[in-house]
Amino acid sequence: MKRLHQAAAALLSCVLAMQSMPLNGTVQAADSAEPGKEILVTGFEDKAVSMFSKRGDDDTSVITASDEKPHSGDYCMAIKERSDGWNGPSISLESLGCKPGVRYIASAWVKAQWYNDCKISLQYTDADGEQHYNNMSSAISQGEWVKIPEVKFSFSSDMKDVQLYIESTDKVELYVDDFSLTEGPTYHIQKDIPSLKEVYGDYFKIGTAVTAAELAPDATKDLILKHFNSVTLGNELKPENMLDQKASQAYLKETGDDTVPQVKMNGAARTILDFCREYNIPVRGHTLVWHSQTPTWFFKDDYTKDGEWVDKATMLKRMENYIKGVFDVVLTEYPDIDFYAWDVVNEAFGNDSGNPRDPGTYEAGRGESAWVKVFGDNSFIKPAFQYARKYAPANIKLYYNDYNEYMTAKQDGIIELVRDLAKDNLIDGIGMQSHLDIRKGSDAFPSTGTYAAGLKKYVEVAKELNLDLQVTELDATLDKGFHDDEAMEIQAKYYSDIMDTLVKYKDNISAVVFWGTTDDQSWRAWGYPLLFNEDYSKKECFDSIVDGIQYTTAASTTRVVRTTTTTTATTEKITVTTPDSSKRLAGDVNLDKSVDVSDAVLLAKFLGGDSSAKVTDQGKANGEVDGKEGLSTDDLTMILKYICKLVVLK
Ligand code: GLA
């Protein structure tokens with residue numbers, strides 16, 4: 001990123017400070033965060049529990065203050081007469097004054113009988129009125145007090161009626177004490193470090209995965225814009241979020257046809273896809289056919305969880321209509337997003353073998369597959385690819401995706417499958433998830449040698465069958481509790497070796513996608529597996545994968561602006577073609593019909609070479625205010641002076 005002239009930069013930061021505005025042009029609730037500020041911290045010593053309520057009319061919970069063996073002090077909160085595990089104490093974040101984009105930290109002590117997984121969860125309603133539930137942190141109580149570990153979370157402005165609640169596996173009596181909800185700090189990304197997508201720009205796309213909630217803080221958006229040119233939706237395009245049970249049942253009732261499950265977009269997917277569309281970020285579709293995160297009702301008579309399993313013929317039709325439906329709804333709404341890849345089938349092999357998974361339901365939590373239950377084996381895979389090929393536009397490449405993909409038996413199974421699919425031109429590539437584990441004092445799993453050997457084998461197959469390879473979910477955990485300088489160094493070396501191996505095969509690999517942004521947001525946060533710390537600062541493993549790679553920065557390659565007079569627009573001045581002088585409002589760079597600090601911010605980012613800063617031709621013409629030809633920091637200074645009421649703009 002180019003440096004702004006000092007005078008303009010100083011003036012800009014002064015104006016930003018005056019207006020308490022972050023560098024993204026809009027006033028964000030996030031910047032009002034006061035780290036450590038208590039939102040609700042209570043040991044229930046005042047016997048006040050009324051801020052918690054039961055979860056709707058079907059919840060039978062009775063919530064009281066109780067002196068039955070509290071965790072600390074004299075009282076705790078007791079939740080009795082629960083008729084299901086989801087019954088429990090819930091608190092509205094809105095009622096507590098919580099705001100979108102702010103990072104919050106929640107924890108609680110809980111006690112439940114027998115063996116109960118007690119969770120702090122988040123519930124919210126999306127723009128379509130659909131409810132979502134997110135289990136965020138949990139601890140197992142077997143009749144003793146346990147602490148549900150701190151969870152850090154945010155929510156975005158399109159998540160409504162956001163509730164934090166505590167639940168347990170069974171409907172047993174539940175006790176809660178020392179509940180804490182506080183504000184976390186607001187972070188900003190490091191701007192002056194290399195951009196990963198630029199560093200690896202000559203080799204492959206560098207991607208990340210993100211959920212709607214993770215995308216809420218501005219820093220996450222900034223991090224993605226700076227480093228990544230591919231986004232995978234962490235959960236939002238999976239069957240459990242795309243399938244609509246009520247609409248499917250209604251369709252069945254109306255038509256008598258039980259082969260057309262209804263598919264619909266969800267607000268959480270839109271949150272991410274709107275962001276990708278706005279900033280032109282290519283997307284990996286993930287995932288169509290999977291044993292996990294796919295509701296059992298999808299496989300049952302009348303679309304009811306307790307119904308009989310349907311037969312193969314019915315399920316094939318349901319699968320076809322589901323796949324068609326997903327492409328229909330997503331591409332109708334987002335025809336302009338570059339969905340360059342889609343995982344058609346995910347994780348079809350059981351126990352790191354080349355065999356199918358055991359039959360069963362995903363909800364049972366044992367990794368069993370309802371697909372295998374209906375089909376008896378993995379014969380559902382080929383039709384899935386046939387339907388995907390039939391309904392996906394040609395630009396969407398189709399992948400088989402799996403983890404522990406370098407384990408010999410499993411890899412052999414994957415390769416056999418892929419050969420069979422490639423014979424009929426049904427597949428375009430193999431997705432190697434690459435969830436890796438670095439171990440203290442012993443070799444990593446996989447060792448870099450094992451990973452390299454596995455990759456080499458895939459490369460040979462890819463070359464032979466003319467397929468692409470993508471690393472789709474890369475993360476590398478450290479052993480629990482191993483988080484000192486030595487750990488960071490070992491992780492840096494490991495990541496560096498892995499990336500070097502991937503670069504070696506750059507001609508066969510089109511994307512390397514990390515599964516997440518900052519360590520604390522990872523699904524394996526305990527192992528600090530990603531490239532960025534919780535505060536968005538880079539880790540040693542970031543440096544190690546950047547060091548030594550020659551690359552060209554976007555500032556010198558993509559910032560050439562169309563011009564009528566000159567093609568040497570890579571230097572200080574950007575030449576502007578005035579589109580329509582009658583529409584000109586001097587200083588209105590972002591075309592919002594007013595001139596304020598958001599125009600200055602946008603112009604500053606644009607001049608600084610930030611590829612996320614989009615300025616239209618009209619915006620550029622409006623930004624030309626210093627009386628000299630071409631956009632420069634002098635224009636920025638003039639706009640800032642105008643905002644400070646020091647000059648009039650012409
Ligand atoms: C698998 C899936 C991903 C994700 C991760 C865990 O690897 O393919 O979609 O669910 O597990 O977050």
# chains A, B, ... in the order shown; residues from 1 in each chain; ligands from 1
>>> residues_near_ligand(ligand="ligand 1", cutoff="9 Å", atoms="only C-alpha atoms and all ligand atoms", output="VMD selection string")
chain A and resid 233 to 235 238 286 to 287 290 292 to 293 346 to 347 401 to 403 433 to 435 472 to 473 515 to 516 522 to 524
>>> residues_around(residues="Met51 of chain A", least_positions_apart="4", cutoff="10 Å", atoms="only C-alpha atoms", output="list in words")
Leu40, Pro89, Ser90, Ile91, Ser92, Ser95 and Leu96 of chain A
>>> residues_around(residues="Leu469 of chain A", least_positions_apart="6", cutoff="6 Å", atoms="only C-alpha atoms", output="compact mmCIF listing (two decimals) with N, CA, C and O atoms, in the first residue's frame")
# COMPACT_ATOMS: atom_id res chain seq x y z
N GLY A 429 -12.14 -31.87 -9.91
CA GLY A 429 -11.00 -31.76 -9.01
C GLY A 429 -11.20 -32.47 -7.69
O GLY A 429 -12.29 -32.92 -7.34
N ILE A 430 -10.09 -32.53 -6.94
CA ILE A 430 -10.10 -33.15 -5.62
C ILE A 430 -9.82 -32.06 -4.59
O ILE A 430 -8.89 -31.26 -4.75
N ASN A 508 -0.71 -27.59 -10.62
CA ASN A 508 -1.84 -28.50 -10.47
C ASN A 508 -2.80 -28.08 -9.36
O ASN A 508 -3.81 -28.73 -9.12
N ILE A 509 -2.44 -27.00 -8.67
CA ILE A 509 -3.27 -26.55 -7.54
C ILE A 509 -3.81 -25.16 -7.86
O ILE A 509 -3.04 -24.24 -8.15
>>> closest_atom_pairs(of="segment 219-323 of chain A", to="segment 153-172 of chain A", cutoff="12 Å", atoms="only C-alpha atoms", output="CSV")
residue,atom,partner,partner_atom,distance
A:Ala219,CA,A:Ser154,CA,11.7
A:Thr220,CA,A:Ser154,CA,10.9
A:Lys221,CA,A:Ser156,CA,11.8
A:Asn266,CA,A:Met159,CA,11.3
A:Gly267,CA,A:Asp158,CA,7.7
A:Ala268,CA,A:Met159,CA,7.9
A:Ala269,CA,A:Asp158,CA,11.1
A:Arg270,CA,A:Asp158,CA,9.5
A:Thr271,CA,A:Asp158,CA,7.4
A:Ile272,CA,A:Ser156,CA,10.7
A:Asp274,CA,A:Asp158,CA,11.6
>>> write_last_selection(atoms="all heavy atoms", output="PDB file, in the first residue's frame")
ATOM      1  N   ALA A 219     -12.909  -5.721  11.516  1.00  0.00           N
ATOM      2  CA  ALA A 219     -11.533  -6.195  11.329  1.00  0.00           C
ATOM      3  C   ALA A 219     -11.524  -7.491  10.513  1.00  0.00           C
ATOM      4  O   ALA A 219     -10.613  -7.707   9.709  1.00  0.00           O
ATOM      5  CB  ALA A 219     -10.868  -6.402  12.683  1.00  0.00           C
ATOM      6  N   THR A 220     -12.524  -8.348  10.704  1.00  0.00           N
ATOM      7  CA  THR A 220     -12.554  -9.591   9.917  1.00  0.00           C
ATOM      8  C   THR A 220     -12.752  -9.260   8.445  1.00  0.00           C
ATOM      9  O   THR A 220     -12.100  -9.833   7.570  1.00  0.00           O
ATOM     10  CB  THR A 220     -13.676 -10.517  10.427  1.00  0.00           C
ATOM     11  OG1 THR A 220     -13.461 -10.738  11.809  1.00  0.00           O
ATOM     12  CG2 THR A 220     -13.673 -11.843   9.686  1.00  0.00           C
ATOM     13  N   LYS A 221     -13.643  -8.334   8.183  1.00  0.00           N
ATOM     14  CA  LYS A 221     -13.853  -7.942   6.782  1.00  0.00           C
ATOM     15  C   LYS A 221     -12.550  -7.385   6.211  1.00  0.00           C
ATOM     16  O   LYS A 221     -12.142  -7.732   5.100  1.00  0.00           O
ATOM     17  CB  LYS A 221     -14.957  -6.881   6.684  1.00  0.00           C
ATOM     18  CG  LYS A 221     -16.311  -7.382   7.121  1.00  0.00           C
ATOM     19  CD  LYS A 221     -17.379  -6.372   6.741  1.00  0.00           C
ATOM     20  CE  LYS A 221     -18.728  -6.776   7.261  1.00  0.00           C
ATOM     21  NZ  LYS A 221     -18.993  -6.392   8.657  1.00  0.00           N
ATOM     22  N   ASN A 266     -30.756 -18.576   2.985  1.00  0.00           N
ATOM     23  CA  ASN A 266     -30.930 -18.118   4.350  1.00  0.00           C
ATOM     24  C   ASN A 266     -30.179 -16.801   4.536  1.00  0.00           C
ATOM     25  O   ASN A 266     -29.213 -16.506   3.831  1.00  0.00           O
ATOM     26  CB  ASN A 266     -30.448 -19.190   5.335  1.00  0.00           C
ATOM     27  CG  ASN A 266     -29.000 -19.566   5.081  1.00  0.00           C
ATOM     28  OD1 ASN A 266     -28.091 -18.887   5.534  1.00  0.00           O
ATOM     29  ND2 ASN A 266     -28.769 -20.639   4.321  1.00  0.00           N
ATOM     30  N   GLY A 267     -30.665 -16.016   5.477  1.00  0.00           N
ATOM     31  CA  GLY A 267     -30.103 -14.682   5.687  1.00  0.00           C
ATOM     32  C   GLY A 267     -28.622 -14.713   6.025  1.00  0.00           C
ATOM     33  O   GLY A 267     -27.868 -13.815   5.648  1.00  0.00           O
ATOM     34  N   ALA A 268     -28.202 -15.780   6.737  1.00  0.00           N
ATOM     35  CA  ALA A 268     -26.792 -15.852   7.128  1.00  0.00           C
ATOM     36  C   ALA A 268     -25.915 -16.024   5.885  1.00  0.00           C
ATOM     37  O   ALA A 268     -24.842 -15.425   5.772  1.00  0.00           O
ATOM     38  CB  ALA A 268     -26.589 -17.004   8.100  1.00  0.00           C
ATOM     39  N   ALA A 269     -26.383 -16.836   4.927  1.00  0.00           N
ATOM     40  CA  ALA A 269     -25.630 -16.991   3.675  1.00  0.00           C
ATOM     41  C   ALA A 269     -25.570 -15.649   2.950  1.00  0.00           C
ATOM     42  O   ALA A 269     -24.527 -15.258   2.413  1.00  0.00           O
ATOM     43  CB  ALA A 269     -26.295 -18.044   2.792  1.00  0.00           C
ATOM     44  N   ARG A 270     -26.692 -14.957   2.979  1.00  0.00           N
ATOM     45  CA  ARG A 270     -26.720 -13.649   2.296  1.00  0.00           C
ATOM     46  C   ARG A 270     -25.704 -12.682   2.905  1.00  0.00           C
ATOM     47  O   ARG A 270     -25.075 -11.893   2.188  1.00  0.00           O
ATOM     48  CB  ARG A 270     -28.114 -13.034   2.408  1.00  0.00           C
ATOM     49  CG  ARG A 270     -29.102 -13.660   1.474  1.00  0.00           C
ATOM     50  CD  ARG A 270     -30.342 -12.793   1.333  1.00  0.00           C
ATOM     51  NE  ARG A 270     -31.278 -13.491   0.483  1.00  0.00           N
ATOM     52  CZ  ARG A 270     -32.334 -14.153   0.937  1.00  0.00           C
ATOM     53  NH1 ARG A 270     -32.624 -14.176   2.212  1.00  0.00           N
ATOM     54  NH2 ARG A 270     -33.126 -14.784   0.093  1.00  0.00           N
ATOM     55  N   THR A 271     -25.570 -12.719   4.222  1.00  0.00           N
ATOM     56  CA  THR A 271     -24.614 -11.813   4.879  1.00  0.00           C
ATOM     57  C   THR A 271     -23.235 -11.968   4.238  1.00  0.00           C
ATOM     58  O   THR A 271     -22.551 -10.986   3.942  1.00  0.00           O
ATOM     59  CB  THR A 271     -24.532 -12.156   6.388  1.00  0.00           C
ATOM     60  OG1 THR A 271     -25.812 -11.969   6.950  1.00  0.00           O
ATOM     61  CG2 THR A 271     -23.518 -11.304   7.110  1.00  0.00           C
ATOM     62  N   ILE A 272     -22.849 -13.221   4.014  1.00  0.00           N
ATOM     63  CA  ILE A 272     -21.502 -13.459   3.462  1.00  0.00           C
ATOM     64  C   ILE A 272     -21.489 -13.204   1.958  1.00  0.00           C
ATOM     65  O   ILE A 272     -20.571 -12.575   1.427  1.00  0.00           O
ATOM     66  CB  ILE A 272     -21.055 -14.898   3.770  1.00  0.00           C
ATOM     67  CG1 ILE A 272     -21.109 -15.142   5.282  1.00  0.00           C
ATOM     68  CG2 ILE A 272     -19.647 -15.153   3.245  1.00  0.00           C
ATOM     69  CD1 ILE A 272     -20.830 -16.567   5.694  1.00  0.00           C
ATOM     70  N   ASP A 274     -23.401 -11.273   0.164  1.00  0.00           N
ATOM     71  CA  ASP A 274     -23.490  -9.842  -0.158  1.00  0.00           C
ATOM     72  C   ASP A 274     -22.100  -9.210  -0.066  1.00  0.00           C
ATOM     73  O   ASP A 274     -21.714  -8.392  -0.897  1.00  0.00           O
ATOM     74  CB  ASP A 274     -24.427  -9.118   0.821  1.00  0.00           C
ATOM     75  CG  ASP A 274     -25.889  -9.452   0.554  1.00  0.00           C
ATOM     76  OD1 ASP A 274     -26.177 -10.073  -0.497  1.00  0.00           O
ATOM     77  OD2 ASP A 274     -26.740  -9.115   1.406  1.00  0.00           O
TER      78      ASP A 274
END
>>> closest_atom_pairs(of="segment 107-135 of chain A", to="segment 72-86 of chain A", cutoff="12 Å", atoms="only C-alpha atoms", output="JSON lines")
{"residue": "A:Ala108", "atom": "CA", "partner": "A:Cys76", "partner_atom": "CA", "distance": 11.0}
{"residue": "A:Trp109", "atom": "CA", "partner": "A:Cys76", "partner_atom": "CA", "distance": 9.6}
{"residue": "A:Val110", "atom": "CA", "partner": "A:Met77", "partner_atom": "CA", "distance": 9.4}
{"residue": "A:Lys111", "atom": "CA", "partner": "A:Ala78", "partner_atom": "CA", "distance": 9.5}
{"residue": "A:Ala112", "atom": "CA", "partner": "A:Ile79", "partner_atom": "CA", "distance": 10.0}
{"residue": "A:Gln113", "atom": "CA", "partner": "A:Lys80", "partner_atom": "CA", "distance": 11.8}
{"residue": "A:Asn116", "atom": "CA", "partner": "A:Gly85", "partner_atom": "CA", "distance": 9.4}
{"residue": "A:Asp117", "atom": "CA", "partner": "A:Gly85", "partner_atom": "CA", "distance": 9.7}
{"residue": "A:Cys118", "atom": "CA", "partner": "A:Gly85", "partner_atom": "CA", "distance": 9.2}
{"residue": "A:Lys119", "atom": "CA", "partner": "A:Trp86", "partner_atom": "CA", "distance": 9.7}
{"residue": "A:Ile120", "atom": "CA", "partner": "A:Trp86", "partner_atom": "CA", "distance": 10.9}
{"residue": "A:Ser121", "atom": "CA", "partner": "A:Trp86", "partner_atom": "CA", "distance": 9.9}
{"residue": "A:Leu122", "atom": "CA", "partner": "A:Trp86", "partner_atom": "CA", "distance": 11.8}
{"residue": "A:Gln123", "atom": "CA", "partner": "A:Trp86", "partner_atom": "CA", "distance": 11.3}
{"residue": "A:Tyr133", "atom": "CA", "partner": "A:Trp86", "partner_atom": "CA", "distance": 10.5}
{"residue": "A:Asn135", "atom": "CA", "partner": "A:Trp86", "partner_atom": "CA", "distance": 11.1}
>>> select_by_dssp(residues="segment 136-368 of chain A", states="strand (DSSP E)", output="compact mmCIF listing (two decimals) with N, CA, C and O atoms, in the first residue's frame")
# COMPACT_ATOMS: atom_id res chain seq x y z
N MET A 136 -21.90 -22.46 21.09
CA MET A 136 -20.63 -21.74 21.02
C MET A 136 -19.55 -22.28 21.95
O MET A 136 -18.38 -22.24 21.64
N SER A 137 -19.95 -22.75 23.12
CA SER A 137 -18.94 -23.24 24.06
C SER A 137 -19.63 -24.23 24.99
O SER A 137 -20.82 -24.07 25.29
N SER A 138 -18.91 -25.24 25.46
CA SER A 138 -19.60 -26.24 26.27
C SER A 138 -18.67 -26.89 27.28
O SER A 138 -17.43 -26.83 27.16
N ALA A 139 -19.28 -27.50 28.27
CA ALA A 139 -18.52 -28.25 29.28
C ALA A 139 -19.41 -29.38 29.77
O ALA A 139 -20.63 -29.24 29.82
N ILE A 140 -18.77 -30.50 30.15
CA ILE A 140 -19.57 -31.64 30.60
C ILE A 140 -19.65 -31.66 32.12
O ILE A 140 -18.62 -31.62 32.81
N SER A 141 -20.87 -31.69 32.64
CA SER A 141 -21.06 -31.79 34.08
C SER A 141 -21.62 -33.17 34.40
O SER A 141 -22.55 -33.64 33.74
N VAL A 146 -19.01 -27.09 36.74
CA VAL A 146 -17.94 -26.95 35.73
C VAL A 146 -18.09 -25.58 35.07
O VAL A 146 -19.19 -25.03 35.02
N LYS A 147 -16.97 -25.08 34.58
CA LYS A 147 -17.04 -23.78 33.91
C LYS A 147 -17.19 -23.98 32.41
O LYS A 147 -16.40 -24.71 31.80
N ILE A 148 -18.21 -23.38 31.84
CA ILE A 148 -18.27 -23.36 30.37
C ILE A 148 -17.24 -22.32 29.95
O ILE A 148 -17.35 -21.15 30.32
N PRO A 149 -16.21 -22.75 29.20
CA PRO A 149 -15.12 -21.82 28.90
C PRO A 149 -15.62 -20.58 28.16
O PRO A 149 -16.62 -20.63 27.44
N GLU A 150 -14.89 -19.53 28.37
CA GLU A 150 -15.19 -18.25 27.71
C GLU A 150 -15.40 -18.43 26.22
O GLU A 150 -14.61 -19.11 25.57
N VAL A 151 -16.40 -17.80 25.70
CA VAL A 151 -16.54 -17.78 24.24
C VAL A 151 -16.58 -16.32 23.80
O VAL A 151 -17.19 -15.48 24.45
N LYS A 152 -15.87 -16.05 22.71
CA LYS A 152 -15.87 -14.69 22.17
C LYS A 152 -16.71 -14.69 20.93
O LYS A 152 -16.53 -15.56 20.06
N PHE A 153 -17.62 -13.77 20.83
CA PHE A 153 -18.51 -13.79 19.66
C PHE A 153 -18.96 -12.38 19.33
O PHE A 153 -18.84 -11.46 20.15
N LYS A 160 -31.26 -10.64 13.94
CA LYS A 160 -32.21 -9.96 14.83
C LYS A 160 -32.56 -10.87 16.01
O LYS A 160 -32.40 -12.09 15.93
N ASP A 161 -33.14 -10.25 17.04
CA ASP A 161 -33.59 -10.97 18.22
C ASP A 161 -32.52 -11.97 18.70
O ASP A 161 -32.77 -13.16 18.82
N VAL A 162 -31.33 -11.45 18.90
CA VAL A 162 -30.21 -12.33 19.27
C VAL A 162 -30.30 -12.67 20.77
O VAL A 162 -30.42 -11.78 21.61
N GLN A 163 -30.30 -13.94 21.06
CA GLN A 163 -30.45 -14.42 22.44
C GLN A 163 -29.26 -15.30 22.80
O GLN A 163 -28.86 -16.16 22.01
N LEU A 164 -28.77 -15.11 24.00
CA LEU A 164 -27.75 -16.01 24.53
C LEU A 164 -28.48 -16.95 25.47
O LEU A 164 -29.29 -16.50 26.28
N TYR A 165 -28.24 -18.25 25.37
CA TYR A 165 -28.94 -19.14 26.29
C TYR A 165 -28.06 -20.30 26.71
O TYR A 165 -27.02 -20.56 26.10
N ILE A 166 -28.50 -20.96 27.77
CA ILE A 166 -27.74 -22.11 28.28
C ILE A 166 -28.63 -23.34 28.21
O ILE A 166 -29.81 -23.29 28.61
N GLU A 167 -28.10 -24.41 27.66
CA GLU A 167 -28.89 -25.64 27.51
C GLU A 167 -28.03 -26.82 27.93
O GLU A 167 -26.84 -26.69 28.20
N LEU A 174 -30.98 -27.87 35.99
CA LEU A 174 -29.74 -27.20 35.58
C LEU A 174 -29.49 -26.04 36.55
O LEU A 174 -30.42 -25.33 36.92
N TYR A 175 -28.24 -25.90 36.95
CA TYR A 175 -27.88 -24.78 37.85
C TYR A 175 -26.81 -23.93 37.17
O TYR A 175 -25.91 -24.47 36.52
N VAL A 176 -26.96 -22.62 37.31
CA VAL A 176 -26.01 -21.70 36.69
C VAL A 176 -25.51 -20.73 37.76
O VAL A 176 -26.31 -20.27 38.58
N ASP A 177 -24.22 -20.44 37.75
CA ASP A 177 -23.68 -19.45 38.70
C ASP A 177 -22.55 -18.68 38.01
O ASP A 177 -22.02 -19.11 36.98
N ASP A 178 -22.22 -17.56 38.59
CA ASP A 178 -21.10 -16.74 38.11
C ASP A 178 -21.13 -16.58 36.59
O ASP A 178 -20.18 -16.90 35.88
N PHE A 179 -22.27 -16.07 36.14
CA PHE A 179 -22.46 -15.80 34.71
C PHE A 179 -21.75 -14.49 34.37
O PHE A 179 -21.82 -13.52 35.13
N SER A 180 -21.08 -14.48 33.24
CA SER A 180 -20.37 -13.25 32.87
C SER A 180 -20.49 -12.96 31.38
O SER A 180 -20.21 -13.81 30.54
N LEU A 181 -20.94 -11.75 31.10
CA LEU A 181 -20.95 -11.26 29.71
C LEU A 181 -20.29 -9.88 29.72
O LEU A 181 -20.78 -8.95 30.37
N THR A 182 -19.17 -9.78 29.03
CA THR A 182 -18.44 -8.50 29.01
C THR A 182 -18.09 -8.12 27.58
O THR A 182 -18.16 -8.96 26.68
N GLU A 183 -17.72 -6.86 27.41
CA GLU A 183 -17.28 -6.43 26.08
C GLU A 183 -15.82 -6.76 25.88
O GLU A 183 -15.01 -6.64 26.81
N LYS A 205 -5.05 -19.21 -5.79
CA LYS A 205 -5.88 -18.35 -4.93
C LYS A 205 -5.55 -18.68 -3.48
O LYS A 205 -5.26 -19.83 -3.14
N ILE A 206 -5.66 -17.67 -2.62
CA ILE A 206 -5.53 -17.92 -1.19
C ILE A 206 -6.89 -17.58 -0.56
O ILE A 206 -7.38 -16.45 -0.68
N GLY A 207 -7.49 -18.59 0.05
CA GLY A 207 -8.86 -18.39 0.54
C GLY A 207 -8.97 -18.52 2.04
O GLY A 207 -8.04 -18.92 2.74
N THR A 208 -10.17 -18.21 2.51
CA THR A 208 -10.48 -18.43 3.91
C THR A 208 -11.94 -18.85 4.02
O THR A 208 -12.71 -18.68 3.06
N ALA A 209 -12.29 -19.41 5.17
CA ALA A 209 -13.69 -19.75 5.44
C ALA A 209 -14.19 -18.82 6.52
O ALA A 209 -13.43 -18.44 7.42
N VAL A 210 -15.46 -18.46 6.43
CA VAL A 210 -16.00 -17.54 7.43
C VAL A 210 -17.49 -17.83 7.61
O VAL A 210 -18.18 -18.20 6.66
N SER A 230 -10.55 -15.76 -2.04
CA SER A 230 -11.56 -16.82 -2.13
C SER A 230 -12.20 -16.94 -0.75
O SER A 230 -11.51 -16.86 0.27
N VAL A 231 -13.51 -17.10 -0.74
CA VAL A 231 -14.23 -17.27 0.53
C VAL A 231 -15.07 -18.54 0.46
O VAL A 231 -15.72 -18.82 -0.55
N THR A 232 -15.03 -19.32 1.53
CA THR A 232 -15.93 -20.47 1.67
C THR A 232 -16.87 -20.14 2.82
O THR A 232 -16.42 -19.68 3.88
N LEU A 233 -18.16 -20.36 2.63
CA LEU A 233 -19.11 -20.12 3.72
C LEU A 233 -18.98 -21.29 4.70
O LEU A 233 -19.14 -22.45 4.32
N LEU A 243 -31.97 -26.44 3.33
CA LEU A 243 -33.22 -27.21 3.26
C LEU A 243 -34.28 -26.57 4.15
O LEU A 243 -33.99 -26.13 5.26
N ASP A 244 -35.51 -26.56 3.65
CA ASP A 244 -36.60 -25.96 4.39
C ASP A 244 -37.64 -27.03 4.70
O ASP A 244 -38.40 -27.45 3.81
N GLN A 262 -37.80 -28.67 -0.49
CA GLN A 262 -37.74 -27.25 -0.84
C GLN A 262 -36.44 -26.63 -0.31
O GLN A 262 -36.03 -26.86 0.83
N VAL A 263 -35.84 -25.86 -1.18
CA VAL A 263 -34.55 -25.25 -0.88
C VAL A 263 -34.73 -23.75 -0.82
O VAL A 263 -35.45 -23.19 -1.64
N VAL A 283 -16.04 -17.35 -4.73
CA VAL A 283 -16.56 -18.19 -3.64
C VAL A 283 -16.44 -19.67 -3.98
O VAL A 283 -16.69 -20.08 -5.11
N ARG A 284 -16.03 -20.49 -2.96
CA ARG A 284 -16.09 -21.96 -3.08
C ARG A 284 -17.41 -22.40 -2.49
O ARG A 284 -17.69 -22.13 -1.32
N GLY A 285 -18.22 -23.08 -3.24
CA GLY A 285 -19.49 -23.61 -2.72
C GLY A 285 -19.21 -24.85 -1.89
O GLY A 285 -18.45 -25.72 -2.28
N HIS A 286 -19.84 -24.93 -0.70
CA HIS A 286 -19.52 -26.02 0.23
C HIS A 286 -20.76 -26.29 1.07
O HIS A 286 -21.16 -25.38 1.79
N THR A 287 -21.42 -27.39 1.02
CA THR A 287 -21.16 -28.60 0.29
C THR A 287 -22.51 -29.25 0.00
O THR A 287 -23.44 -29.07 0.79
N LEU A 288 -22.66 -29.99 -1.06
CA LEU A 288 -23.99 -30.48 -1.45
C LEU A 288 -24.40 -31.77 -0.74
O LEU A 288 -25.47 -31.83 -0.12
N VAL A 289 -23.59 -32.81 -0.86
CA VAL A 289 -23.98 -34.12 -0.32
C VAL A 289 -22.98 -34.53 0.75
O VAL A 289 -21.79 -34.72 0.47
N TRP A 290 -23.48 -34.65 1.97
CA TRP A 290 -22.60 -34.88 3.12
C TRP A 290 -23.41 -35.62 4.17
O TRP A 290 -24.62 -35.42 4.28
N PHE A 339 -18.62 -18.23 -8.47
CA PHE A 339 -18.54 -19.50 -7.74
C PHE A 339 -17.64 -20.41 -8.58
O PHE A 339 -18.10 -21.08 -9.48
N TYR A 340 -16.37 -20.39 -8.27
CA TYR A 340 -15.44 -21.07 -9.17
C TYR A 340 -15.30 -22.55 -8.85
O TYR A 340 -14.70 -23.30 -9.61
N ALA A 341 -15.82 -22.98 -7.70
CA ALA A 341 -15.70 -24.39 -7.32
C ALA A 341 -16.86 -24.75 -6.40
O ALA A 341 -17.40 -23.88 -5.71
N TRP A 342 -17.23 -26.03 -6.40
CA TRP A 342 -18.29 -26.48 -5.47
C TRP A 342 -17.96 -27.90 -5.02
O TRP A 342 -17.63 -28.76 -5.85
N ASP A 343 -18.01 -28.13 -3.72
CA ASP A 343 -17.84 -29.48 -3.20
C ASP A 343 -19.15 -30.24 -3.38
O ASP A 343 -20.16 -29.89 -2.77
N VAL A 344 -19.11 -31.26 -4.22
CA VAL A 344 -20.34 -32.02 -4.50
C VAL A 344 -20.57 -33.04 -3.39
O VAL A 344 -21.66 -33.15 -2.83
N VAL A 345 -19.54 -33.82 -3.08
CA VAL A 345 -19.65 -34.81 -2.00
C VAL A 345 -18.50 -34.57 -1.03
O VAL A 345 -17.36 -34.34 -1.44
N ASN A 346 -18.84 -34.62 0.24
CA ASN A 346 -17.85 -34.36 1.29
C ASN A 346 -17.72 -35.59 2.19
O ASN A 346 -18.73 -36.18 2.59
>>> atom_distance(atom1="atom CA of Ile281 of chain A", atom2="atom CA of Ile337 of chain A")
7.5 Å
>>> residues_around(residues="segment 351-358 of chain A", least_positions_apart="2", cutoff="12 Å", atoms="only C-alpha atoms", output="PyMOL selection string")
chain A and resi 290-292+346-349+360-362+364-381+402-417
>>> closest_residue(among="A:Val512, A:Leu465, A:Ile396, A:Ile63", to="Lys197 of chain A", atoms="only C-alpha atoms")
A:Val512
>>> residues_around(residues="Asp547 of chain A", least_positions_apart="4", cutoff="10 Å", atoms="only C-alpha atoms", output="MDAnalysis selection string")
chainID A and resid 194 199 496 541:543
>>> closest_residue(among="A:Tyr200, A:Tyr279, A:Leu215, A:Pro70", to="Ser611 of chain A", atoms="only C-alpha atoms")
A:Tyr279
>>> atom_distance(atom1="atom CA of Asp437 of chain A", atom2="atom CA of Lys539 of chain A")
16.9 Å
>>> closest_residue(among="A:Tyr104, A:Tyr536, A:Tyr115, A:Phe514", to="Ile193 of chain A", atoms="only C-alpha atoms")
A:Tyr536
